[in-house]
$ cat coords17.cif   # mmCIF, C-alpha atoms and all ligand atoms
data_coords
loop_
_atom_site.label_atom_id
_atom_site.label_comp_id
_atom_site.auth_asym_id
_atom_site.auth_seq_id
_atom_site.Cartn_x
_atom_site.Cartn_y
_atom_site.Cartn_z
CA MET A 1 -38.06 93.96 9.31
CA ARG A 2 -36.23 90.77 10.18
CA ILE A 3 -35.96 89.93 13.89
CA ASP A 4 -33.67 87.19 15.22
CA ILE A 5 -33.90 86.10 18.85
CA VAL A 6 -31.25 83.95 20.53
CA THR A 7 -32.41 82.36 23.77
CA ILE A 8 -32.27 79.19 25.85
CA PHE A 9 -36.09 79.39 26.05
CA PRO A 10 -37.33 79.38 22.44
CA GLU A 11 -40.81 78.34 23.61
CA PHE A 12 -41.11 81.69 25.36
CA PHE A 13 -41.59 83.34 21.98
CA GLY A 14 -44.63 81.32 20.88
CA ILE A 15 -46.55 84.43 21.96
CA LEU A 16 -45.28 86.18 18.83
CA ASP A 17 -47.86 84.15 16.89
CA VAL A 18 -50.78 85.99 18.45
CA SER A 19 -52.17 89.52 18.35
CA LEU A 20 -50.96 92.37 16.18
CA LEU A 21 -47.45 90.98 15.87
CA GLY A 22 -48.83 87.67 14.67
CA LYS A 23 -50.75 89.53 11.96
CA ALA A 24 -47.65 91.47 10.96
CA ARG A 25 -45.76 88.23 10.57
CA VAL A 26 -48.49 86.70 8.42
CA SER A 27 -48.60 89.82 6.23
CA GLY A 28 -44.80 89.80 5.88
CA LEU A 29 -44.11 93.13 7.63
CA ILE A 30 -42.08 91.31 10.28
CA GLU A 31 -40.14 88.09 9.88
CA THR A 32 -39.02 86.45 13.12
CA HIS A 33 -36.43 83.71 13.63
CA VAL A 34 -36.00 82.18 17.08
CA HIS A 35 -32.70 80.36 17.72
CA ASP A 36 -31.98 77.96 20.58
CA LEU A 37 -28.61 78.95 22.04
CA ARG A 38 -28.05 75.33 23.09
CA ASP A 39 -27.83 74.38 19.40
CA GLY A 40 -24.48 76.18 19.49
CA ALA A 41 -23.16 74.04 22.38
CA HIS A 42 -21.45 70.88 21.22
CA ASP A 43 -20.93 68.93 24.48
CA LYS A 44 -23.22 66.12 25.62
CA HIS A 45 -25.08 68.34 28.09
CA ARG A 46 -25.39 71.30 25.70
CA THR A 47 -23.76 73.50 28.33
CA VAL A 48 -24.16 77.25 27.91
CA ASP A 49 -22.84 78.55 31.25
CA ASP A 50 -19.86 78.27 33.56
CA THR A 51 -18.50 79.75 36.81
CA PRO A 52 -17.17 83.32 36.68
CA TYR A 53 -13.42 83.98 36.47
CA GLY A 54 -12.41 85.93 39.56
CA GLY A 55 -15.05 84.20 41.66
CA GLY A 56 -18.45 85.45 42.73
CA ALA A 57 -22.01 84.22 42.80
CA GLY A 58 -23.90 82.71 39.89
CA MET A 59 -22.96 81.53 36.44
CA VAL A 60 -21.85 83.36 33.29
CA MET A 61 -22.91 82.44 29.75
CA LYS A 62 -20.00 80.92 27.80
CA PRO A 63 -18.93 82.76 24.64
CA GLU A 64 -18.61 79.77 22.27
CA PRO A 65 -22.33 78.92 21.79
CA TRP A 66 -23.03 82.62 21.14
CA GLY A 67 -20.27 82.64 18.52
CA VAL A 68 -21.75 79.63 16.73
CA ILE A 69 -25.31 80.97 16.64
CA LEU A 70 -24.51 84.63 15.90
CA ASP A 71 -22.09 83.66 13.11
CA ALA A 72 -24.81 81.47 11.59
CA ILE A 73 -27.31 84.35 11.71
CA LEU A 74 -24.84 86.77 10.11
CA SER A 75 -24.03 84.37 7.31
CA ASP A 76 -27.68 83.51 6.64
CA ALA A 77 -28.58 84.62 3.13
CA GLY A 78 -31.71 86.37 4.48
CA SER A 79 -29.78 88.57 6.91
CA ALA A 80 -29.15 92.24 6.19
CA PRO A 81 -25.79 92.53 4.44
CA ILE A 82 -22.98 93.52 6.80
CA ALA A 83 -21.64 96.97 6.02
CA ILE A 84 -18.41 96.82 4.05
CA SER A 85 -15.31 98.60 5.28
CA SER A 86 -14.87 101.38 2.78
CA ALA A 87 -15.00 104.74 4.55
CA THR A 88 -16.10 106.41 1.34
CA GLU A 89 -19.48 104.71 1.26
CA ALA A 90 -22.29 106.33 3.23
CA ASP A 91 -23.65 103.06 4.60
CA SER A 92 -20.34 101.46 5.43
CA ILE A 93 -17.97 101.64 8.38
CA ALA A 94 -18.25 105.04 10.05
CA ALA A 95 -15.19 107.22 10.60
CA ASP A 96 -14.77 105.94 14.16
CA GLY A 97 -14.59 102.35 12.95
CA ILE A 98 -18.08 101.35 14.12
CA PRO A 99 -20.11 99.40 11.56
CA ALA A 100 -22.91 101.65 10.30
CA GLY A 101 -25.46 99.55 8.39
CA GLY A 102 -26.55 95.92 8.48
CA PRO A 103 -28.04 94.16 11.50
CA LEU A 104 -28.18 95.73 14.96
CA LEU A 105 -27.42 93.43 17.90
CA ILE A 106 -29.43 94.29 21.01
CA VAL A 107 -28.35 92.79 24.30
CA PRO A 108 -31.05 93.33 26.95
CA SER A 109 -29.32 94.11 30.22
CA PRO A 110 -30.04 96.09 33.38
CA ALA A 111 -26.62 97.66 32.73
CA GLY A 112 -27.73 99.06 29.36
CA GLU A 113 -29.06 102.40 28.15
CA GLN A 114 -32.72 103.01 28.99
CA PHE A 115 -35.29 101.84 26.42
CA THR A 116 -37.64 104.71 25.54
CA GLN A 117 -40.33 105.55 23.01
CA ALA A 118 -37.70 107.59 21.13
CA MET A 119 -35.49 104.50 20.89
CA ALA A 120 -38.47 102.42 19.74
CA ARG A 121 -39.08 104.95 16.94
CA GLU A 122 -35.41 104.76 15.95
CA LEU A 123 -35.36 100.94 15.96
CA ALA A 124 -38.53 100.77 13.82
CA HIS A 125 -36.36 101.92 10.87
CA GLU A 126 -33.84 99.07 11.20
CA GLN A 127 -33.67 96.34 8.59
CA GLN A 128 -32.71 93.62 11.07
CA LEU A 129 -32.63 93.39 14.87
CA ILE A 130 -30.89 90.52 16.65
CA PHE A 131 -31.80 90.09 20.32
CA ALA A 132 -29.30 88.18 22.50
CA CYS A 133 -31.21 87.04 25.59
CA GLY A 134 -28.78 86.48 28.45
CA ARG A 135 -29.58 84.56 31.63
CA TYR A 136 -27.77 84.05 34.91
CA GLU A 137 -25.15 86.74 35.63
CA GLY A 138 -24.96 87.75 31.98
CA ILE A 139 -22.94 86.88 28.89
CA ASP A 140 -19.13 86.70 28.73
CA GLN A 141 -18.08 90.28 27.83
CA ARG A 142 -16.02 89.06 24.88
CA VAL A 143 -19.21 88.33 22.94
CA VAL A 144 -20.12 92.03 22.92
CA ASP A 145 -16.48 93.01 22.35
CA HIS A 146 -16.08 90.68 19.37
CA TYR A 147 -19.38 91.46 17.61
CA SER A 148 -18.93 95.21 18.14
CA SER A 149 -16.30 95.08 15.40
CA ARG A 150 -18.68 93.29 13.03
CA MET A 151 -22.00 95.08 13.62
CA ARG A 152 -23.59 97.74 15.76
CA VAL A 153 -24.26 96.52 19.31
CA ARG A 154 -26.43 98.18 21.97
CA LEU A 155 -26.98 97.09 25.57
CA VAL A 156 -30.53 98.10 26.41
CA SER A 157 -32.35 98.12 29.75
CA LEU A 158 -36.09 98.01 30.15
CA GLY A 159 -35.89 99.86 33.46
CA ASP A 160 -34.17 100.08 36.80
CA TYR A 161 -35.03 96.61 38.05
CA VAL A 162 -33.58 93.17 37.49
CA LEU A 163 -35.35 90.46 35.49
CA ASN A 164 -34.24 86.84 35.40
CA GLY A 165 -33.14 87.16 31.80
CA GLY A 166 -33.52 89.12 28.58
CA GLU A 167 -36.61 87.31 27.27
CA VAL A 168 -39.31 89.51 28.81
CA ALA A 169 -37.36 92.65 27.90
CA THR A 170 -37.01 91.39 24.32
CA LEU A 171 -40.75 90.78 23.98
CA ALA A 172 -41.51 94.24 25.36
CA MET A 173 -39.09 95.87 22.92
CA ILE A 174 -40.40 93.88 19.95
CA GLU A 175 -43.96 94.94 20.77
CA ALA A 176 -43.02 98.61 21.23
CA VAL A 177 -40.97 98.67 18.01
CA GLY A 178 -43.24 96.41 15.96
CA ARG A 179 -46.31 98.61 16.34
CA LEU A 180 -44.37 101.61 14.97
CA ILE A 181 -43.45 99.88 11.70
CA PRO A 182 -45.46 101.60 8.95
CA GLY A 183 -48.56 99.58 8.14
CA MET A 184 -48.74 97.89 11.55
CA VAL A 185 -51.34 99.93 13.44
CA GLY A 186 -54.74 100.36 11.78
CA ASN A 187 -55.10 104.04 12.71
CA PRO A 188 -51.74 105.90 12.65
CA GLU A 189 -53.47 108.83 14.42
CA SER A 190 -53.72 106.72 17.55
CA LEU A 191 -49.89 106.54 17.59
CA VAL A 192 -49.58 110.32 17.56
CA GLU A 193 -51.92 110.82 20.50
CA GLU A 194 -50.59 108.28 22.96
CA SER A 195 -48.36 108.54 26.01
CA HIS A 196 -44.76 109.64 25.39
CA GLU A 197 -45.29 110.66 21.76
CA ASN A 198 -45.15 114.39 22.58
CA GLY A 199 -43.20 113.87 25.80
CA LEU A 200 -46.37 113.97 27.91
CA LEU A 201 -48.53 111.18 29.29
CA GLU A 202 -51.76 110.37 27.49
CA TYR A 203 -55.04 112.14 28.41
CA PRO A 204 -57.87 110.02 29.92
CA SER A 205 -60.30 108.42 27.45
CA TYR A 206 -64.05 107.79 27.72
CA THR A 207 -66.68 105.98 25.66
CA LYS A 208 -70.42 105.27 25.98
CA PRO A 209 -72.48 105.31 28.15
CA PRO A 210 -72.35 109.00 29.16
CA THR A 211 -73.03 108.07 32.81
CA TRP A 212 -71.79 104.93 34.54
CA ARG A 213 -72.21 104.25 38.28
CA ASP A 214 -72.96 107.95 38.88
CA LEU A 215 -69.78 108.97 37.05
CA ASP A 216 -70.30 111.36 34.12
CA VAL A 217 -68.10 111.74 31.07
CA PRO A 218 -66.56 115.25 31.26
CA PRO A 219 -69.15 117.49 29.54
CA VAL A 220 -66.59 119.11 27.23
CA LEU A 221 -66.20 115.78 25.42
CA LEU A 222 -69.91 115.80 24.58
CA SER A 223 -69.90 119.46 23.48
CA GLY A 224 -68.89 118.93 19.86
CA ASN A 225 -66.48 121.87 20.27
CA HIS A 226 -63.27 120.45 18.80
CA GLY A 227 -61.07 123.35 19.91
CA ALA A 228 -62.30 123.10 23.51
CA ILE A 229 -61.77 119.31 23.44
CA SER A 230 -58.16 119.69 22.25
CA THR A 231 -57.43 122.28 24.93
CA TRP A 232 -59.00 120.11 27.66
CA ARG A 233 -57.04 117.05 26.55
CA HIS A 234 -53.78 118.98 26.55
CA GLU A 235 -54.49 120.34 30.04
CA GLN A 236 -55.18 116.79 31.21
CA GLN A 237 -51.86 115.62 29.75
CA VAL A 238 -49.95 118.38 31.53
CA GLU A 239 -51.81 117.81 34.83
CA ARG A 240 -51.25 114.04 34.73
CA THR A 241 -47.59 114.33 33.77
CA THR A 242 -46.93 116.93 36.49
CA ARG A 243 -48.59 114.72 39.11
CA VAL A 244 -47.28 111.28 38.07
CA ARG A 245 -44.06 111.85 36.12
CA PRO A 246 -42.64 115.32 36.84
CA ASP A 247 -39.25 113.99 35.67
CA LEU A 248 -40.60 114.05 32.08
CA LEU A 249 -41.43 117.75 32.06
CA PRO A 250 -37.93 119.11 31.32
CA ASN A 251 -37.99 117.11 28.07
CA VAL A 252 -41.24 118.69 26.87
CA SER A 253 -40.79 121.48 24.38
CA PRO A 254 -42.42 124.67 25.79
CA ASP A 255 -44.39 125.09 22.56
CA THR A 256 -45.92 121.61 22.76
CA GLU A 257 -49.49 122.50 21.93
CA ALA A 258 -52.77 120.71 22.11
CA GLU A 259 -52.89 118.26 19.19
CA PRO A 260 -55.15 119.45 16.39
CA ASP A 261 -58.40 117.58 16.84
CA ALA A 262 -58.22 114.10 15.38
CA ASP A 263 -62.01 113.74 15.05
CA ARG A 264 -61.92 110.23 16.46
N1 LIG B 301 -32.22 91.53 31.97
C1 LIG B 301 -32.32 91.52 33.31
N2 LIG B 301 -32.85 92.66 33.76
C2 LIG B 301 -33.10 93.43 32.66
C3 LIG B 301 -33.61 94.73 32.48
N3 LIG B 301 -34.01 95.49 33.49
N4 LIG B 301 -33.72 95.19 31.21
C4 LIG B 301 -33.30 94.45 30.18
N5 LIG B 301 -32.80 93.23 30.31
C5 LIG B 301 -32.70 92.71 31.54
#

$ encode --input "coords17.cif" --output "structure tokens"
Amino acid sequence: MRIDIVTIFPEFFGILDVSLLGKARVSGLIETHVHDLRDGAHDKHRTVDDTPYGGGAGMVMKPEPWGVILDAILSDAGSAPIAISSATEADSIAADGIPAGGPLLIVPSPAGEQFTQAMARELAHEQQLIFACGRYEGIDQRVVDHYSSRMRVRLVSLGDYVLNGGEVATLAMIEAVGRLIPGMVGNPESLVEESHENGLLEYPSYTKPPTWRDLDVPPVLLSGNHGAISTWRHEQQVERTTRVRPDLLPNVSPDTEAEPDADR
């Protein structure tokens, strides 16, 4: 997968060199390109923001630098080819005129659709993601309006709170998506059993020693009875989800069963 990030803080993304994502980059599973938005501003001060039309607090990001940088990304030979506009081709412009294939532009924004594990799974199949990290009061709306006719664009929110900009949200999304790319996580079983994968929160985990500070590991986990362990873990998932996140329960299929034992 190719990932492009446009930001006024390129140094923020040095963190991509470490940990699992760093390894994925070295092995070629993920290719990242970080672009400084100010390289698209041609005045002496490399200005990327201005006061809002109509008045109001704060500054808005100007459209021109975005145009320069996003055009350069789209015309880069390494970018996913933009879908061509023949309605007869499966991977081209969809019937409603929205581009179907090629890169997906993600604009992190508290006004976007909620980022979820299901969305992370979906995004893990993309060829190329472009993250547009806004700051201040956001990006001039015409950037989204213009690029929506050239590629798919999604405004995505990390949650119902306001960050100072899209950088932290972008890193969170890259980590959530990156670990789902086939070949990324050593043990794919651990992906199946974690929080949100079956709509429930994860069960509690224990390791050695069997007793620590007078606290015992639940005996069923030491029993060797794989069926009983699966049932206990499922009960724990349901109990935890009911207590902490009852809002998730309507999304759980009634026949969600205990996972077959993974023999971990
Ligand atoms: N930018 C500012 N707040 C954000 C949020 N909650 N999610 C994504 N991007 C943001």

$ residues_near_ligand --input "coords17.cif" --ligand "ligand LIG 301 (chain B)" --cutoff "8 Å" --atoms "only C-alpha atoms and all ligand atoms" --output "PyMOL selection string"
chain A and resi 107-112+133-135+156-170

$ residues_near_point --input "coords17.cif" --point "(-29.8, 82.6, 18.8)" --cutoff "10 Å" --atoms "all atoms listed in the file" --output "list in words"
Asp4, Ile5, Val6, Thr7, Ile8, Pro10, His33, Val34, His35, Asp36, Leu37, Arg38, Asp39, Gly40, Pro65, Trp66, Gly67, Val68, Ile69, Leu70, Asp71, Ala72, Ile73, Ile130, Phe131, Ala132 and Cys133 of chain A

$ write_last_selection --input "coords17.cif" --atoms "C-alpha atoms" --output "tab-separated table (two decimals), in the frame of the given file"
chain	number	residue	atom	x	y	z
A	4	ASP	CA	-33.67	87.19	15.22
A	5	ILE	CA	-33.90	86.10	18.85
A	6	VAL	CA	-31.25	83.95	20.53
A	7	THR	CA	-32.41	82.36	23.77
A	8	ILE	CA	-32.27	79.19	25.85
A	10	PRO	CA	-37.33	79.38	22.44
A	33	HIS	CA	-36.43	83.71	13.63
A	34	VAL	CA	-36.00	82.18	17.08
A	35	HIS	CA	-32.70	80.36	17.72
A	36	ASP	CA	-31.98	77.96	20.58
A	37	LEU	CA	-28.61	78.95	22.04
A	38	ARG	CA	-28.05	75.33	23.09
A	39	ASP	CA	-27.83	74.38	19.40
A	40	GLY	CA	-24.48	76.18	19.49
A	65	PRO	CA	-22.33	78.92	21.79
A	66	TRP	CA	-23.03	82.62	21.14
A	67	GLY	CA	-20.27	82.64	18.52
A	68	VAL	CA	-21.75	79.63	16.73
A	69	ILE	CA	-25.31	80.97	16.64
A	70	LEU	CA	-24.51	84.63	15.90
A	71	ASP	CA	-22.09	83.66	13.11
A	72	ALA	CA	-24.81	81.47	11.59
A	73	ILE	CA	-27.31	84.35	11.71
A	130	ILE	CA	-30.89	90.52	16.65
A	131	PHE	CA	-31.80	90.09	20.32
A	132	ALA	CA	-29.30	88.18	22.50
A	133	CYS	CA	-31.21	87.04	25.59

$ atom_distance --input "coords17.cif" --atom1 "CA of Lys44 (chain A)" --atom2 "CA of Glu64 (chain A)"
14.8 Å

$ atom_distance --input "coords17.cif" --atom1 "CA of Ile106 (chain A)" --atom2 "CA of His146 (chain A)"
13.9 Å

$ residues_near_point --input "coords17.cif" --point "(-37.0, 101.0, 10.3)" --cutoff "9 Å" --atoms "only C-alpha atoms" --output "list of chain:residue names"
A:Met1, A:Arg121, A:Glu122, A:Leu123, A:Ala124, A:His125, A:Glu126, A:Gln127, A:Gln128, A:Val177, A:Leu180, A:Ile181, A:Pro182

$ atom_distance --input "coords17.cif" --atom1 "CA of Ala80 (chain A)" --atom2 "CA of Ala24 (chain A)"
19.1 Å

$ closest_atom_pairs --input "coords17.cif" --of "region 112-197 of chain A" --to "region 233-254 of chain A" --cutoff "12 Å" --atoms "all atoms listed in the file" --output "JSON lines"
{"residue": "A:Thr116", "atom": "CA", "partner": "A:Leu248", "partner_atom": "CA", "distance": 11.8}
{"residue": "A:Ala118", "atom": "CA", "partner": "A:Asn251", "partner_atom": "CA", "distance": 11.8}
{"residue": "A:Glu193", "atom": "CA", "partner": "A:Arg233", "partner_atom": "CA", "distance": 10.1}
{"residue": "A:Glu194", "atom": "CA", "partner": "A:Gln237", "partner_atom": "CA", "distance": 10.1}
{"residue": "A:Ser195", "atom": "CA", "partner": "A:Gln237", "partner_atom": "CA", "distance": 8.7}
{"residue": "A:His196", "atom": "CA", "partner": "A:Leu248", "partner_atom": "CA", "distance": 9.0}
{"residue": "A:Glu197", "atom": "CA", "partner": "A:Val252", "partner_atom": "CA", "distance": 10.3}

$ residues_around --input "coords17.cif" --residues "region 220-223 of chain A" --least-positions-apart "6" --cutoff "12 Å" --atoms "only C-alpha atoms" --output "PyMOL selection string"
chain A and resi 204-211+229-233+261+263-264

$ decode --input "coords17.cif" --residues "region 60-71 of chain A" --atoms "all heavy atoms" --output "PDB file, in the first residue's frame"
ATOM      1  N   VAL A  60      -8.332  29.779   8.154  1.00  0.00           N
ATOM      2  CA  VAL A  60      -8.719  28.660   7.288  1.00  0.00           C
ATOM      3  C   VAL A  60      -7.552  28.362   6.359  1.00  0.00           C
ATOM      4  O   VAL A  60      -6.865  29.282   5.904  1.00  0.00           O
ATOM      5  CB  VAL A  60      -9.981  29.033   6.468  1.00  0.00           C
ATOM      6  CG1 VAL A  60     -10.351  27.930   5.482  1.00  0.00           C
ATOM      7  CG2 VAL A  60     -11.151  29.336   7.402  1.00  0.00           C
ATOM      8  N   MET A  61      -7.325  27.084   6.056  1.00  0.00           N
ATOM      9  CA  MET A  61      -6.218  26.745   5.151  1.00  0.00           C
ATOM     10  C   MET A  61      -6.596  27.098   3.716  1.00  0.00           C
ATOM     11  O   MET A  61      -7.663  26.720   3.225  1.00  0.00           O
ATOM     12  CB  MET A  61      -5.870  25.269   5.282  1.00  0.00           C
ATOM     13  CG  MET A  61      -5.252  24.975   6.638  1.00  0.00           C
ATOM     14  SD  MET A  61      -4.601  23.301   6.741  1.00  0.00           S
ATOM     15  CE  MET A  61      -2.870  23.678   6.980  1.00  0.00           C
ATOM     16  N   LYS A  62      -5.687  27.819   3.049  1.00  0.00           N
ATOM     17  CA  LYS A  62      -5.917  28.295   1.678  1.00  0.00           C
ATOM     18  C   LYS A  62      -5.926  27.106   0.703  1.00  0.00           C
ATOM     19  O   LYS A  62      -5.184  26.151   0.889  1.00  0.00           O
ATOM     20  CB  LYS A  62      -4.778  29.239   1.267  1.00  0.00           C
ATOM     21  CG  LYS A  62      -4.732  30.527   2.046  1.00  0.00           C
ATOM     22  CD  LYS A  62      -3.354  31.199   1.949  1.00  0.00           C
ATOM     23  CE  LYS A  62      -3.022  31.662   0.540  1.00  0.00           C
ATOM     24  NZ  LYS A  62      -3.994  32.644   0.011  1.00  0.00           N
ATOM     25  N   PRO A  63      -6.737  27.196  -0.358  1.00  0.00           N
ATOM     26  CA  PRO A  63      -6.815  26.050  -1.279  1.00  0.00           C
ATOM     27  C   PRO A  63      -5.576  25.858  -2.166  1.00  0.00           C
ATOM     28  O   PRO A  63      -5.232  24.721  -2.506  1.00  0.00           O
ATOM     29  CB  PRO A  63      -8.043  26.357  -2.140  1.00  0.00           C
ATOM     30  CG  PRO A  63      -8.253  27.830  -2.040  1.00  0.00           C
ATOM     31  CD  PRO A  63      -7.720  28.257  -0.701  1.00  0.00           C
ATOM     32  N   GLU A  64      -4.891  26.980  -2.530  1.00  0.00           N
ATOM     33  CA  GLU A  64      -3.845  26.837  -3.565  1.00  0.00           C
ATOM     34  C   GLU A  64      -2.721  25.870  -3.189  1.00  0.00           C
ATOM     35  O   GLU A  64      -2.337  25.020  -4.023  1.00  0.00           O
ATOM     36  CB  GLU A  64      -3.239  28.197  -3.944  1.00  0.00           C
ATOM     37  CG  GLU A  64      -4.241  29.235  -4.437  1.00  0.00           C
ATOM     38  CD  GLU A  64      -4.671  30.177  -3.326  1.00  0.00           C
ATOM     39  OE1 GLU A  64      -4.950  29.692  -2.216  1.00  0.00           O
ATOM     40  OE2 GLU A  64      -4.740  31.398  -3.585  1.00  0.00           O
ATOM     41  N   PRO A  65      -2.133  25.964  -1.973  1.00  0.00           N
ATOM     42  CA  PRO A  65      -1.051  25.011  -1.666  1.00  0.00           C
ATOM     43  C   PRO A  65      -1.522  23.558  -1.724  1.00  0.00           C
ATOM     44  O   PRO A  65      -0.795  22.668  -2.182  1.00  0.00           O
ATOM     45  CB  PRO A  65      -0.628  25.384  -0.233  1.00  0.00           C
ATOM     46  CG  PRO A  65      -1.091  26.806  -0.056  1.00  0.00           C
ATOM     47  CD  PRO A  65      -2.343  26.929  -0.873  1.00  0.00           C
ATOM     48  N   TRP A  66      -2.777  23.314  -1.300  1.00  0.00           N
ATOM     49  CA  TRP A  66      -3.319  21.948  -1.393  1.00  0.00           C
ATOM     50  C   TRP A  66      -3.374  21.502  -2.850  1.00  0.00           C
ATOM     51  O   TRP A  66      -3.039  20.354  -3.184  1.00  0.00           O
ATOM     52  CB  TRP A  66      -4.724  21.876  -0.772  1.00  0.00           C
ATOM     53  CG  TRP A  66      -4.676  21.960   0.722  1.00  0.00           C
ATOM     54  CD1 TRP A  66      -4.936  23.046   1.494  1.00  0.00           C
ATOM     55  CD2 TRP A  66      -4.289  20.913   1.623  1.00  0.00           C
ATOM     56  NE1 TRP A  66      -4.747  22.747   2.824  1.00  0.00           N
ATOM     57  CE2 TRP A  66      -4.358  21.450   2.928  1.00  0.00           C
ATOM     58  CE3 TRP A  66      -3.894  19.576   1.456  1.00  0.00           C
ATOM     59  CZ2 TRP A  66      -4.043  20.690   4.059  1.00  0.00           C
ATOM     60  CZ3 TRP A  66      -3.585  18.823   2.574  1.00  0.00           C
ATOM     61  CH2 TRP A  66      -3.661  19.383   3.856  1.00  0.00           C
ATOM     62  N   GLY A  67      -3.796  22.427  -3.729  1.00  0.00           N
ATOM     63  CA  GLY A  67      -3.887  22.090  -5.148  1.00  0.00           C
ATOM     64  C   GLY A  67      -2.531  21.690  -5.706  1.00  0.00           C
ATOM     65  O   GLY A  67      -2.414  20.695  -6.436  1.00  0.00           O
ATOM     66  N   VAL A  68      -1.505  22.460  -5.332  1.00  0.00           N
ATOM     67  CA  VAL A  68      -0.155  22.183  -5.860  1.00  0.00           C
ATOM     68  C   VAL A  68       0.314  20.796  -5.398  1.00  0.00           C
ATOM     69  O   VAL A  68       0.775  19.965  -6.189  1.00  0.00           O
ATOM     70  CB  VAL A  68       0.831  23.283  -5.391  1.00  0.00           C
ATOM     71  CG1 VAL A  68       2.280  22.904  -5.719  1.00  0.00           C
ATOM     72  CG2 VAL A  68       0.466  24.632  -6.014  1.00  0.00           C
ATOM     73  N   ILE A  69       0.181  20.539  -4.109  1.00  0.00           N
ATOM     74  CA  ILE A  69       0.728  19.287  -3.561  1.00  0.00           C
ATOM     75  C   ILE A  69      -0.118  18.078  -4.002  1.00  0.00           C
ATOM     76  O   ILE A  69       0.431  17.047  -4.412  1.00  0.00           O
ATOM     77  CB  ILE A  69       0.808  19.343  -2.013  1.00  0.00           C
ATOM     78  CG1 ILE A  69       1.696  20.518  -1.565  1.00  0.00           C
ATOM     79  CG2 ILE A  69       1.308  18.011  -1.453  1.00  0.00           C
ATOM     80  CD1 ILE A  69       3.165  20.385  -1.891  1.00  0.00           C
ATOM     81  N   LEU A  70      -1.431  18.203  -3.937  1.00  0.00           N
ATOM     82  CA  LEU A  70      -2.262  17.044  -4.311  1.00  0.00           C
ATOM     83  C   LEU A  70      -2.132  16.739  -5.802  1.00  0.00           C
ATOM     84  O   LEU A  70      -2.080  15.564  -6.199  1.00  0.00           O
ATOM     85  CB  LEU A  70      -3.729  17.281  -3.917  1.00  0.00           C
ATOM     86  CG  LEU A  70      -3.986  17.287  -2.396  1.00  0.00           C
ATOM     87  CD1 LEU A  70      -5.420  17.708  -2.086  1.00  0.00           C
ATOM     88  CD2 LEU A  70      -3.695  15.910  -1.775  1.00  0.00           C
ATOM     89  N   ASP A  71      -2.049  17.778  -6.642  1.00  0.00           N
ATOM     90  CA  ASP A  71      -1.836  17.528  -8.079  1.00  0.00           C
ATOM     91  C   ASP A  71      -0.520  16.786  -8.299  1.00  0.00           C
ATOM     92  O   ASP A  71      -0.441  15.861  -9.117  1.00  0.00           O
ATOM     93  CB  ASP A  71      -1.799  18.846  -8.863  1.00  0.00           C
ATOM     94  CG  ASP A  71      -3.202  19.420  -9.093  1.00  0.00           C
ATOM     95  OD1 ASP A  71      -4.183  18.752  -8.709  1.00  0.00           O
ATOM     96  OD2 ASP A  71      -3.305  20.541  -9.635  1.00  0.00           O
TER      97      ASP A  71
END
